[in-house]
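Reproduced below: run.cif, with mmCIF, C-alpha atoms.
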```cif
data_protein
loop_
_atom_site.label_atom_id
_atom_site.label_comp_id
_atom_site.auth_asym_id
_atom_site.auth_seq_id
_atom_site.Cartn_x
_atom_site.Cartn_y
_atom_site.Cartn_z
CA MET A 1 1.95 8.31 34.02
CA ASP A 2 0.48 5.85 36.51
CA GLY A 3 3.70 4.08 37.53
CA SER A 4 2.19 0.72 36.55
CA THR A 5 5.48 -0.63 35.23
CA GLN A 6 9.03 -0.04 36.30
CA THR A 7 10.07 1.08 32.82
CA ASP A 8 7.73 4.09 32.76
CA ASP A 9 8.17 5.03 36.41
CA ILE A 10 10.32 8.11 36.00
CA TRP A 11 11.21 10.83 38.49
CA THR A 12 12.26 14.44 38.03
CA VAL A 13 14.60 16.75 39.90
CA ALA A 14 15.37 20.33 38.84
CA GLY A 15 13.72 19.72 35.49
CA ARG A 16 15.83 16.63 34.70
CA THR A 17 14.15 13.26 34.32
CA PHE A 18 15.61 9.91 35.34
CA ARG A 19 14.55 6.27 35.37
CA SER A 20 17.06 4.84 37.84
CA ARG A 21 16.28 5.70 41.45
CA LEU A 22 19.71 4.63 42.68
CA ILE A 23 22.45 7.26 42.90
CA VAL A 24 25.98 6.10 43.65
CA GLY A 25 29.11 7.85 44.86
CA THR A 26 32.67 8.03 43.59
CA GLY A 27 34.75 7.46 46.72
CA LYS A 28 36.38 4.61 48.66
CA TYR A 29 36.75 2.30 45.64
CA LYS A 30 40.15 0.73 45.02
CA ASP A 31 40.36 2.63 41.72
CA TYR A 32 38.27 4.53 39.18
CA ALA A 33 37.83 1.40 37.03
CA GLN A 34 36.08 -0.45 39.86
CA ASN A 35 34.03 2.66 40.56
CA ALA A 36 32.86 2.78 36.95
CA ALA A 37 32.02 -0.94 36.93
CA ALA A 38 29.97 -0.56 40.10
CA ALA A 39 28.06 2.42 38.70
CA GLU A 40 27.21 0.40 35.60
CA ALA A 41 26.17 -2.65 37.63
CA ALA A 42 23.92 -0.43 39.75
CA GLY A 43 22.18 0.87 36.66
CA ALA A 44 22.78 4.37 37.98
CA GLU A 45 22.24 7.48 35.89
CA ILE A 46 23.57 9.96 38.47
CA VAL A 47 26.92 9.75 40.25
CA THR A 48 27.97 12.07 43.04
CA VAL A 49 31.44 13.57 42.79
CA ALA A 50 33.32 14.92 45.80
CA VAL A 51 34.93 17.92 44.14
CA ARG A 52 37.57 18.29 46.85
CA ARG A 53 38.66 14.64 46.71
CA VAL A 54 38.28 13.43 43.12
CA ASN A 55 40.66 14.35 40.31
CA LEU A 56 38.70 16.17 37.62
CA THR A 57 41.36 18.47 36.19
CA ASP A 58 44.93 17.04 36.48
CA PRO A 59 45.68 14.99 33.33
CA ASN A 60 48.97 13.79 34.83
CA GLN A 61 47.03 11.65 37.32
CA PRO A 62 44.20 9.14 36.76
CA MET A 63 41.04 11.15 36.11
CA LEU A 64 37.54 10.10 37.09
CA VAL A 65 36.09 11.26 33.76
CA ASP A 66 38.27 8.76 31.88
CA TYR A 67 36.35 5.92 33.54
CA VAL A 68 33.02 7.31 34.72
CA LYS A 69 32.05 9.09 31.52
CA PRO A 70 30.15 12.39 31.77
CA ASP A 71 28.26 11.52 28.56
CA ARG A 72 26.99 8.33 30.24
CA PHE A 73 26.27 9.65 33.75
CA THR A 74 24.91 12.89 35.15
CA PHE A 75 27.61 14.22 37.45
CA LEU A 76 26.35 15.62 40.75
CA PRO A 77 29.19 17.62 42.33
CA ASN A 78 29.04 17.61 46.11
CA THR A 79 30.72 19.47 48.92
CA ALA A 80 31.97 16.48 50.92
CA GLY A 81 34.61 17.65 53.37
CA CYS A 82 33.17 21.14 53.78
CA PHE A 83 32.47 22.42 57.29
CA THR A 84 31.43 26.00 56.53
CA GLY A 85 29.01 27.57 54.11
CA GLU A 86 31.84 29.55 52.52
CA ASP A 87 33.83 26.40 51.79
CA ALA A 88 30.78 24.77 50.21
CA ILE A 89 29.97 27.76 48.02
CA ARG A 90 33.57 28.14 46.88
CA THR A 91 33.76 24.42 46.04
CA LEU A 92 30.59 24.42 43.95
CA ARG A 93 31.58 27.56 42.08
CA LEU A 94 34.84 25.84 41.13
CA ALA A 95 32.85 22.81 39.96
CA ARG A 96 30.64 24.99 37.81
CA GLU A 97 33.68 26.62 36.24
CA ALA A 98 35.37 23.24 35.64
CA GLY A 99 32.45 21.31 34.18
CA GLY A 100 29.52 23.67 33.79
CA TRP A 101 27.58 21.79 36.46
CA ASP A 102 24.74 23.69 38.10
CA LEU A 103 22.83 20.71 39.56
CA VAL A 104 24.76 20.13 42.78
CA LYS A 105 24.60 18.42 46.15
CA LEU A 106 25.16 20.61 49.18
CA GLU A 107 26.47 19.15 52.40
CA VAL A 108 27.94 21.15 55.26
CA LEU A 109 29.09 18.85 58.02
CA SER A 110 29.62 19.37 61.73
CA GLN A 111 33.16 18.82 62.97
CA THR A 112 32.18 15.90 65.19
CA LYS A 113 32.66 12.13 65.23
CA HIS A 114 29.18 11.64 63.79
CA LEU A 115 29.65 14.16 60.95
CA LEU A 116 25.95 14.95 60.93
CA PRO A 117 24.94 18.05 58.96
CA ASP A 118 25.32 21.52 60.44
CA MET A 119 21.82 22.61 59.54
CA GLU A 120 22.23 26.31 60.31
CA GLU A 121 25.22 26.53 57.95
CA THR A 122 23.49 24.30 55.40
CA LEU A 123 20.42 26.53 55.22
CA ARG A 124 22.55 29.68 54.96
CA ALA A 125 24.67 28.20 52.15
CA LEU A 126 21.57 26.96 50.30
CA LYS A 127 20.08 30.45 50.13
CA LEU A 128 23.32 31.87 48.72
CA LEU A 129 23.65 29.08 46.14
CA VAL A 130 20.05 29.41 44.96
CA ALA A 131 20.58 33.17 44.56
CA ASP A 132 23.67 32.35 42.48
CA GLY A 133 21.71 30.19 40.03
CA PHE A 134 22.44 26.70 41.33
CA GLN A 135 19.92 23.86 41.46
CA VAL A 136 20.64 22.40 44.89
CA MET A 137 19.94 18.94 46.28
CA VAL A 138 20.51 19.24 50.01
CA TYR A 139 21.94 16.68 52.42
CA CYS A 140 20.29 17.25 55.78
CA SER A 141 19.34 15.81 59.14
CA ASP A 142 16.06 13.90 59.49
CA ASP A 143 14.41 16.95 61.11
CA PRO A 144 11.04 17.64 59.41
CA VAL A 145 11.12 21.30 60.52
CA TYR A 146 14.49 21.99 58.90
CA ALA A 147 13.51 19.92 55.85
CA LYS A 148 10.56 22.27 55.29
CA LYS A 149 12.82 25.31 55.74
CA LEU A 150 15.17 23.93 53.07
CA GLU A 151 12.31 23.38 50.65
CA ASP A 152 10.92 26.87 51.29
CA ALA A 153 14.41 28.27 50.60
CA GLY A 154 14.46 26.68 47.14
CA ALA A 155 16.02 23.22 47.55
CA ALA A 156 15.55 21.05 44.46
CA ALA A 157 15.53 17.89 46.58
CA ILE A 158 15.67 17.00 50.26
CA MET A 159 18.20 14.32 51.22
CA PRO A 160 17.90 13.29 54.89
CA ALA A 161 20.51 11.02 56.41
CA ALA A 162 19.30 7.55 57.34
CA ALA A 163 22.22 7.33 59.78
CA PRO A 164 25.71 8.88 60.05
CA ILE A 165 27.81 8.83 56.87
CA GLY A 166 29.49 5.48 56.31
CA SER A 167 27.93 3.89 59.39
CA GLY A 168 25.91 1.28 57.49
CA ARG A 169 23.23 1.26 60.20
CA GLY A 170 20.22 1.82 57.94
CA ILE A 171 17.22 4.04 58.66
CA GLN A 172 17.17 5.05 62.33
CA ASN A 173 14.04 7.22 62.43
CA PHE A 174 11.18 6.02 60.23
CA LEU A 175 8.74 8.44 61.84
CA ASN A 176 10.70 11.57 60.97
CA LEU A 177 11.53 10.33 57.49
CA GLY A 178 7.85 9.60 56.88
CA LEU A 179 6.89 13.09 58.01
CA ILE A 180 9.47 14.62 55.65
CA ILE A 181 8.13 12.58 52.73
CA GLU A 182 4.53 13.46 53.58
CA GLN A 183 5.10 17.22 53.59
CA ALA A 184 7.55 17.52 50.70
CA THR A 185 6.65 18.76 47.22
CA VAL A 186 10.17 18.08 45.90
CA PRO A 187 11.91 14.68 45.70
CA VAL A 188 13.06 13.11 48.98
CA LEU A 189 16.09 10.83 48.84
CA VAL A 190 17.64 8.83 51.66
CA ASP A 191 21.31 9.76 51.72
CA ALA A 192 23.98 8.25 53.99
CA GLY A 193 23.83 5.34 56.39
CA VAL A 194 22.58 2.61 54.05
CA GLY A 195 24.42 -0.65 54.71
CA THR A 196 22.80 -3.39 52.67
CA ALA A 197 20.02 -4.10 50.21
CA SER A 198 17.24 -4.38 52.79
CA ASP A 199 17.96 -0.79 53.92
CA ALA A 200 17.40 0.41 50.36
CA VAL A 201 14.17 -1.60 50.07
CA LEU A 202 12.80 -0.05 53.26
CA ALA A 203 13.65 3.48 52.11
CA MET A 204 11.74 2.96 48.89
CA GLU A 205 8.84 1.14 50.56
CA ILE A 206 8.05 4.14 52.74
CA GLY A 207 7.91 6.44 49.72
CA CYS A 208 11.37 7.89 49.09
CA ASP A 209 11.90 8.97 45.50
CA ALA A 210 15.44 7.59 45.33
CA VAL A 211 18.38 6.39 47.42
CA LEU A 212 21.96 7.64 47.40
CA MET A 213 24.80 5.49 48.66
CA ASN A 214 28.54 5.09 48.44
CA THR A 215 30.16 3.14 51.29
CA ALA A 216 27.58 0.33 51.22
CA ILE A 217 28.78 -0.60 47.73
CA ALA A 218 32.42 0.49 47.84
CA GLU A 219 33.22 -1.32 51.09
CA ALA A 220 31.32 -4.52 50.30
CA ARG A 221 33.47 -7.62 49.89
CA ASP A 222 32.30 -7.70 46.26
CA PRO A 223 31.35 -4.14 45.26
CA ILE A 224 30.06 -5.09 41.79
CA ARG A 225 27.73 -7.76 43.15
CA MET A 226 26.53 -5.40 45.89
CA ALA A 227 25.84 -2.75 43.25
CA ARG A 228 23.62 -5.23 41.42
CA ALA A 229 21.88 -6.12 44.68
CA MET A 230 21.20 -2.46 45.38
CA LYS A 231 19.78 -1.98 41.88
CA HIS A 232 17.26 -4.78 42.46
CA ALA A 233 16.53 -3.60 46.00
CA VAL A 234 15.59 -0.10 44.90
CA ILE A 235 13.38 -1.47 42.10
CA ALA A 236 11.68 -3.95 44.46
CA GLY A 237 11.06 -1.32 47.12
CA ARG A 238 9.62 1.11 44.62
CA GLU A 239 7.35 -1.55 43.12
CA ALA A 240 6.10 -2.47 46.60
CA TRP A 241 5.37 1.21 47.35
CA LEU A 242 3.43 1.56 44.10
CA ALA A 243 1.57 -1.70 44.69
CA GLY A 244 0.42 -0.66 48.17
CA ARG A 245 1.13 -3.09 50.99
CA MET A 246 -1.57 -5.07 52.75
CA ALA A 247 -2.91 -3.82 56.08
CA LYS A 248 -1.21 -4.99 59.25
CA ARG A 249 -3.45 -7.02 61.56
CA SER A 250 -3.21 -8.18 65.15
CA TYR A 251 -4.74 -11.59 64.44
CA ALA A 252 -4.79 -14.21 61.72
CA ASP A 253 -6.84 -13.80 58.55
CA PRO A 254 -6.70 -17.20 56.79
CA SER A 255 -6.10 -17.32 53.07
CA SER A 256 -8.90 -19.88 52.68
CA PRO A 257 -12.37 -19.54 54.28
CA MET A 258 -12.81 -21.34 57.61
CA ALA A 259 -16.51 -22.02 57.01
CA GLY A 260 -17.71 -25.13 55.19
CA LEU A 261 -14.64 -27.24 56.00
CA ILE A 262 -14.85 -30.95 55.16
#
```
Let me see the structure of the file written as structure tokens.
Amino acid sequence: MDGSTQTDDIWTVAGRTFRSRLIVGTGKYKDYAQNAAAAEAAGAEIVTVAVRRVNLTDPNQPMLVDYVKPDRFTFLPNTAGCFTGEDAIRTLRLAREAGGWDLVKLEVLSQTKHLLPDMEETLRALKLLVADGFQVMVYCSDDPVYAKKLEDAGAAAIMPAAAPIGSGRGIQNFLNLGLIIEQATVPVLVDAGVGTASDAVLAMEIGCDAVLMNTAIAEARDPIRMARAMKHAVIAGREAWLAGRMAKRSYADPSSPMAGLI
């Protein structure tokens, strides 16, 4: 596969193959119906599910699975709201019991205003989850050293934050993100901090395999339209990466020859 067209440009994580490189969340929408419509508009194949916040089991309340159908989307249970490795492990074991999900997203947050990942706890929890048979996509800081430790410990994908969760500030450290992409042998996905379509384009243009977002769509004035914008942004950024951008120059290089002018 040479990636010459968007339709055959697939990517693989934990043995599962996908065409869409946009992953969307299931939080902050006004209701599950809007959430489902946004996921469809985004062309997503994977949706993240905050196990501690989304109703998956109580039929007396609106259930996510009645709108975002598990036979249409790959559910990626995550540990949003967990601040210790034990909480994260317990949450994902419950998810596996409830839905049989073993492809999961690990995030262990610091109890701070910025909610950046607690990397020591994240790495410890990852090792325990891998030993327990989980395929783990790991939310992490944009630290290339820790990213390599996560990969060496068995992470199925590395998911560095572009900026703090829900901040909408876009990629803050292109150098570190580039180093993570360069060294990785598993997929690298920008996760958290995306605010608008241009942020998604830039993530894909520097070589990310996919982009994960929630707030950027859910808190847009028109979430469905923003979901469509993000779909096109991820495709455009990926196509630009595959095409290979022109070299940057300090001086002009005219499109037409300067010699032989009339």
- Long-range neighbours of Val54 in chain A as a list in words, 12 Å cut-off, all atoms listed in the file, 3 positions minimum in chain: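 Listing them by chain and then by number gives Gly25, Thr26, Gly27, Lys28, Tyr29, Asp31, Tyr32, Asn35, Thr48, Val49, Ala50, Val51, Thr57, Asp58, Gln61, Pro62, Met63, Leu64, Val65, Val68, Pro77, Asn78, Thr79, Ala80, Gly81 and Ala95 of chain A.
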- Find the residues near Leu123 in chain A: any atom within 12 Å, counting only C-alpha atoms, skip ones fewer than 2 places away on the same chain, and give them as a ChimeraX atom specification. /A:84-85,88,106-109,117-121,125-130,136-141,145-155,158
- Query: Which residues come within 7 Å of range 198-210 of chain A, counting all atoms listed in the file, excluding same-chain residues fewer than 4 positions away, as JSON, numbers by chain?
  - Reply: {"A": [21, 22, 170, 171, 178, 181, 187, 188, 189, 190, 194, 230, 233, 234, 236, 237, 238, 240, 241]}
- Figure out the distance between CA of Val47 in chain A and CA of Gly195 in chain A, please, to one decimal in Å.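 Taking CA of Gly195 in chain A and CA of Val47 in chain A, their separation equals 18.0 Å.
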- Query: Between CA of Ala156 in chain A and CA of Gly133 in chain A, what is the spacing in Å?
  - Reply: 11.9 Å
- Item | Exercise: Lys231 in chain A partners within 8 Å, all atoms listed in the file, chain neighbours under 3 positions left out, as a PyMOL selection string | chain A and resi 22+41-43+227-228+234-235
- Query: Can you tell me how far CA of Pro144 in chain A sits from CA of Arg93 in chain A, in Å to one decimal?
  - Reply: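 One can read the CA of Pro144 in chain A to CA of Arg93 in chain A distance as 28.6 Å.
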- Message: Using all atoms listed in the file, can you tell me which of A:Glu45, A:Gln135, A:Ala37, A:Pro164 comes closest to Lys113 in chain A?
- Response: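 Going through A:Glu45, A:Gln135, A:Ala37, A:Pro164 one by one, the smallest distance to Lys113 in chain A is for A:Pro164.
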- Query: Given the choices A:Cys82, A:Gly168, A:Asp143, A:Arg19, which gets closest to Gln183 in chain A if the distance is worked out from all atoms listed in the file?
  - Reply: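 Ranked by minimum distance to Gln183 in chain A, first place goes to A:Asp143.
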For Met226 in chain A, list every protein, DNA or RNA residue within 9 Å, evaluated using only C-alpha atoms, and leave out those in the same chain fewer than 2 positions away; present the list as a PDB file with C-alpha atoms, in the coordinates of the input.
```pdb
ATOM      1  CA  ALA A  38      29.970  -0.560  40.100  1.00  0.00           C
ATOM      2  CA  ALA A  41      26.170  -2.650  37.630  1.00  0.00           C
ATOM      3  CA  ALA A  42      23.920  -0.430  39.750  1.00  0.00           C
ATOM      4  CA  THR A 196      22.800  -3.390  52.670  1.00  0.00           C
ATOM      5  CA  ALA A 197      20.020  -4.100  50.210  1.00  0.00           C
ATOM      6  CA  ALA A 216      27.580   0.330  51.220  1.00  0.00           C
ATOM      7  CA  ILE A 217      28.780  -0.600  47.730  1.00  0.00           C
ATOM      8  CA  ALA A 218      32.420   0.490  47.840  1.00  0.00           C
ATOM      9  CA  ALA A 220      31.320  -4.520  50.300  1.00  0.00           C
ATOM     10  CA  ARG A 221      33.470  -7.620  49.890  1.00  0.00           C
ATOM     11  CA  ASP A 222      32.300  -7.700  46.260  1.00  0.00           C
ATOM     12  CA  PRO A 223      31.350  -4.140  45.260  1.00  0.00           C
ATOM     13  CA  ILE A 224      30.060  -5.090  41.790  1.00  0.00           C
ATOM     14  CA  ARG A 228      23.620  -5.230  41.420  1.00  0.00           C
ATOM     15  CA  ALA A 229      21.880  -6.120  44.680  1.00  0.00           C
ATOM     16  CA  MET A 230      21.200  -2.460  45.380  1.00  0.00           C
ATOM     17  CA  LYS A 231      19.780  -1.980  41.880  1.00  0.00           C
TER      18      LYS A 231
END
```
- Task: For each of A:Pro257, A:Leu212, A:Gly166, A:Phe134, take the minimum atom-to-atom distance to Leu116 in chain A, counting only C-alpha atoms, then give the residue where this is smallest.
- Result: A:Gly166
- Message: From the options A:Thr185, A:Ser110, A:Ser20, A:Asn214, which residue's atoms come nearest to Ser167 in chain A, counting all atoms listed in the file?
- Response: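 Nearest candidate to Ser167 in chain A out of A:Thr185, A:Ser110, A:Ser20, A:Asn214: A:Asn214.
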- Query: Got a sec to check which residues sit within 6 Å of (23.1, 16.2, 39.5), counting all atoms listed in the file, and write them as a list in words?
  - Reply: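 The answer, in the requested form, is Thr74, Phe75, Leu76, Leu103 and Val104 of chain A.
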Write a file of the just-selected residues containing C-alpha atoms, as a tab-separated table (two decimals), in the coordinates of the input.
```tsv
chain	number	residue	atom	x	y	z
A	74	THR	CA	24.91	12.89	35.15
A	75	PHE	CA	27.61	14.22	37.45
A	76	LEU	CA	26.35	15.62	40.75
A	103	LEU	CA	22.83	20.71	39.56
A	104	VAL	CA	24.76	20.13	42.78
```
Generate the coordinates of N, CA and C atoms for range 134-165 of chain A; report them as a PDB file, in the coordinates of the input.
```pdb
ATOM      1  N   PHE A 134      22.274  28.151  41.217  1.00  0.00           N
ATOM      2  CA  PHE A 134      22.440  26.700  41.330  1.00  0.00           C
ATOM      3  C   PHE A 134      21.110  26.006  41.581  1.00  0.00           C
ATOM      4  N   GLN A 135      21.008  24.766  41.097  1.00  0.00           N
ATOM      5  CA  GLN A 135      19.920  23.860  41.460  1.00  0.00           C
ATOM      6  C   GLN A 135      20.490  22.932  42.530  1.00  0.00           C
ATOM      7  N   VAL A 136      19.940  22.994  43.740  1.00  0.00           N
ATOM      8  CA  VAL A 136      20.640  22.400  44.890  1.00  0.00           C
ATOM      9  C   VAL A 136      19.833  21.267  45.517  1.00  0.00           C
ATOM     10  N   MET A 137      20.443  20.072  45.510  1.00  0.00           N
ATOM     11  CA  MET A 137      19.940  18.940  46.280  1.00  0.00           C
ATOM     12  C   MET A 137      20.662  18.975  47.613  1.00  0.00           C
ATOM     13  N   VAL A 138      19.920  18.918  48.709  1.00  0.00           N
ATOM     14  CA  VAL A 138      20.510  19.240  50.010  1.00  0.00           C
ATOM     15  C   VAL A 138      20.534  18.044  50.954  1.00  0.00           C
ATOM     16  N   TYR A 139      21.746  17.689  51.375  1.00  0.00           N
ATOM     17  CA  TYR A 139      21.940  16.680  52.420  1.00  0.00           C
ATOM     18  C   TYR A 139      21.600  17.317  53.764  1.00  0.00           C
ATOM     19  N   CYS A 140      20.788  16.625  54.562  1.00  0.00           N
ATOM     20  CA  CYS A 140      20.290  17.250  55.780  1.00  0.00           C
ATOM     21  C   CYS A 140      20.048  16.209  56.867  1.00  0.00           C
ATOM     22  N   SER A 141      19.757  16.692  58.053  1.00  0.00           N
ATOM     23  CA  SER A 141      19.340  15.810  59.140  1.00  0.00           C
ATOM     24  C   SER A 141      17.895  15.359  58.884  1.00  0.00           C
ATOM     25  N   ASP A 142      17.437  14.395  59.671  1.00  0.00           N
ATOM     26  CA  ASP A 142      16.060  13.900  59.490  1.00  0.00           C
ATOM     27  C   ASP A 142      15.080  14.710  60.343  1.00  0.00           C
ATOM     28  N   ASP A 143      15.265  16.021  60.359  1.00  0.00           N
ATOM     29  CA  ASP A 143      14.410  16.950  61.110  1.00  0.00           C
ATOM     30  C   ASP A 143      13.355  17.510  60.156  1.00  0.00           C
ATOM     31  N   PRO A 144      12.074  17.159  60.326  1.00  0.00           N
ATOM     32  CA  PRO A 144      11.040  17.640  59.410  1.00  0.00           C
ATOM     33  C   PRO A 144      10.932  19.165  59.371  1.00  0.00           C
ATOM     34  N   VAL A 145      11.223  19.843  60.487  1.00  0.00           N
ATOM     35  CA  VAL A 145      11.120  21.300  60.520  1.00  0.00           C
ATOM     36  C   VAL A 145      12.189  21.923  59.617  1.00  0.00           C
ATOM     37  N   TYR A 146      13.420  21.459  59.750  1.00  0.00           N
ATOM     38  CA  TYR A 146      14.490  21.990  58.900  1.00  0.00           C
ATOM     39  C   TYR A 146      14.289  21.571  57.441  1.00  0.00           C
ATOM     40  N   ALA A 147      13.766  20.363  57.221  1.00  0.00           N
ATOM     41  CA  ALA A 147      13.510  19.920  55.850  1.00  0.00           C
ATOM     42  C   ALA A 147      12.540  20.870  55.150  1.00  0.00           C
ATOM     43  N   LYS A 148      11.525  21.321  55.869  1.00  0.00           N
ATOM     44  CA  LYS A 148      10.560  22.270  55.290  1.00  0.00           C
ATOM     45  C   LYS A 148      11.233  23.622  55.035  1.00  0.00           C
ATOM     46  N   LYS A 149      12.104  24.058  55.953  1.00  0.00           N
ATOM     47  CA  LYS A 149      12.820  25.310  55.740  1.00  0.00           C
ATOM     48  C   LYS A 149      13.687  25.243  54.486  1.00  0.00           C
ATOM     49  N   LEU A 150      14.335  24.104  54.259  1.00  0.00           N
ATOM     50  CA  LEU A 150      15.170  23.930  53.070  1.00  0.00           C
ATOM     51  C   LEU A 150      14.323  24.002  51.800  1.00  0.00           C
ATOM     52  N   GLU A 151      13.188  23.341  51.825  1.00  0.00           N
ATOM     53  CA  GLU A 151      12.310  23.380  50.650  1.00  0.00           C
ATOM     54  C   GLU A 151      11.809  24.794  50.395  1.00  0.00           C
ATOM     55  N   ASP A 152      11.410  25.494  51.445  1.00  0.00           N
ATOM     56  CA  ASP A 152      10.920  26.870  51.290  1.00  0.00           C
ATOM     57  C   ASP A 152      12.021  27.793  50.773  1.00  0.00           C
ATOM     58  N   ALA A 153      13.285  27.444  51.055  1.00  0.00           N
ATOM     59  CA  ALA A 153      14.410  28.270  50.600  1.00  0.00           C
ATOM     60  C   ALA A 153      14.843  27.932  49.179  1.00  0.00           C
ATOM     61  N   GLY A 154      14.183  26.953  48.552  1.00  0.00           N
ATOM     62  CA  GLY A 154      14.460  26.680  47.140  1.00  0.00           C
ATOM     63  C   GLY A 154      15.203  25.408  46.839  1.00  0.00           C
ATOM     64  N   ALA A 155      15.328  24.488  47.807  1.00  0.00           N
ATOM     65  CA  ALA A 155      16.020  23.220  47.550  1.00  0.00           C
ATOM     66  C   ALA A 155      15.315  22.448  46.439  1.00  0.00           C
ATOM     67  N   ALA A 156      16.099  21.859  45.543  1.00  0.00           N
ATOM     68  CA  ALA A 156      15.550  21.050  44.460  1.00  0.00           C
ATOM     69  C   ALA A 156      15.194  19.650  44.919  1.00  0.00           C
ATOM     70  N   ALA A 157      15.824  19.198  45.987  1.00  0.00           N
ATOM     71  CA  ALA A 157      15.530  17.890  46.580  1.00  0.00           C
ATOM     72  C   ALA A 157      16.008  17.915  48.027  1.00  0.00           C
ATOM     73  N   ILE A 158      15.319  17.134  48.853  1.00  0.00           N
ATOM     74  CA  ILE A 158      15.670  17.000  50.260  1.00  0.00           C
ATOM     75  C   ILE A 158      16.285  15.625  50.456  1.00  0.00           C
ATOM     76  N   MET A 159      17.456  15.576  51.124  1.00  0.00           N
ATOM     77  CA  MET A 159      18.200  14.320  51.220  1.00  0.00           C
ATOM     78  C   MET A 159      18.564  14.021  52.678  1.00  0.00           C
ATOM     79  N   PRO A 160      17.612  13.571  53.475  1.00  0.00           N
ATOM     80  CA  PRO A 160      17.900  13.290  54.890  1.00  0.00           C
ATOM     81  C   PRO A 160      18.783  12.071  55.076  1.00  0.00           C
ATOM     82  N   ALA A 161      19.654  12.147  56.066  1.00  0.00           N
ATOM     83  CA  ALA A 161      20.510  11.020  56.410  1.00  0.00           C
ATOM     84  C   ALA A 161      19.691   9.923  57.078  1.00  0.00           C
ATOM     85  N   ALA A 162      19.899   8.685  56.642  1.00  0.00           N
ATOM     86  CA  ALA A 162      19.300   7.550  57.340  1.00  0.00           C
ATOM     87  C   ALA A 162      20.022   7.304  58.660  1.00  0.00           C
ATOM     88  N   ALA A 163      21.337   7.518  58.628  1.00  0.00           N
ATOM     89  CA  ALA A 163      22.220   7.330  59.780  1.00  0.00           C
ATOM     90  C   ALA A 163      23.522   8.056  59.440  1.00  0.00           C
ATOM     91  N   PRO A 164      24.457   8.180  60.374  1.00  0.00           N
ATOM     92  CA  PRO A 164      25.710   8.880  60.050  1.00  0.00           C
ATOM     93  C   PRO A 164      26.412   8.316  58.818  1.00  0.00           C
ATOM     94  N   ILE A 165      27.095   9.186  58.094  1.00  0.00           N
ATOM     95  CA  ILE A 165      27.810   8.830  56.870  1.00  0.00           C
ATOM     96  C   ILE A 165      28.721   7.631  57.107  1.00  0.00           C
TER      97      ILE A 165
END
```
